[in-house]
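*Asks:* To start, I am sharing the structure in question, which I have written as structure tokens.
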Amino acid sequence: MNQRQATPEILDAVFSALGDQTRRSILDRLRAGALTVTELAEPYAMSLNAVSKHIKRLENAGLIRREISGREHSCRLDTARFEEAIDWMSYYSQFWSERIEALEKHIVQKRKRRTR
């Protein structure tokens with residue numbers, strides 16, 4: 001695996017945070033740049049407090065950063081934890097790709113033996 005190994009706790013927090021559609025939607029909206037908590041809450045049919053709980057979950061997972069200026073809270077994506085999760089998934093993607101290639105070779109060889 002890469003030098004930047006994510007701990008099990010980090011991966012649990014990231015994947016748990018990503019497991020909710022509202023939180024994924026919030027992350028998607030932050031791709032365009034920083035938004036205030038009020039701006040983030042606008043499209044959702046839930047209270048500002050409920051949206052704040054989703055934001056806090058994303059923040060605890062390290063997927064976003066919250067900046068406070070007076071009474072205004074703005075949020076922006078923080079890519080470091082995404083990269084750690086991607087590194088972890090890439091490692092297993094390579095593992096499964098190798099296993100699938102080996103299985104494919106085995107099946108081809110088995111078919112060749114049958115046709116003889």
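By order of appearance in the structure tokens: chains A, B, ..., then residues from 1 within every chain, and ligands from 1 in the order shown.
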Just the residues within 9 Å of range 35-37 of chain A, please, counting only C-alpha atoms, with nothing from its chain fewer than 2 positions along; format it as a list of chain:residue names.

*Replies:*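 So the residues in contact are A:Arg29, A:Leu30, A:Ala32, A:Gly33, A:Glu39, A:Leu40, A:Ala41, A:Glu42, A:Leu48, A:Val51, A:Ser52, A:Ile55, A:Arg66, A:Glu72, A:His73, A:Ser74, A:Cys75, A:Arg76.
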
*Asks:* Leaving out Leu11 in chain A and any residue of its chain fewer than 2 positions from it, which residues lie within 12 Å of it when counting only C-alpha atoms, given as an NGL selection string?

*Replies:* :A and (5-9 or 13-19 or 60-63 or 81-89)

*Asks:* Can you list, as a PyMOL selection string, every residue of chain A that DSSP puts in alpha helix (DSSP H)?

*Replies:* chain A and resi 8-18+21-30+37-41+48-60+80-115

*Asks:* I'd like to know which of A:Ala50, A:Thr79, A:Val108, A:Arg57 is closest to Arg31 in chain A, using only C-alpha atoms.

*Replies:*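 Result for the nearest residue to Arg31 in chain A: A:Thr79.
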
*Asks:* When DSSP works through the backbone of this structure, what residues of range 3-68 of chain A end up as strand (DSSP E), shown as a PyMOL selection string?

*Replies:* chain A and resi 35-36+64-68

*Asks:* Would you please work out which residue, of A:Thr115, A:Ile64, A:Ala45, A:Asp12, is nearest to Arg24 in chain A when using only C-alpha atoms?

*Replies:* A:Ile64
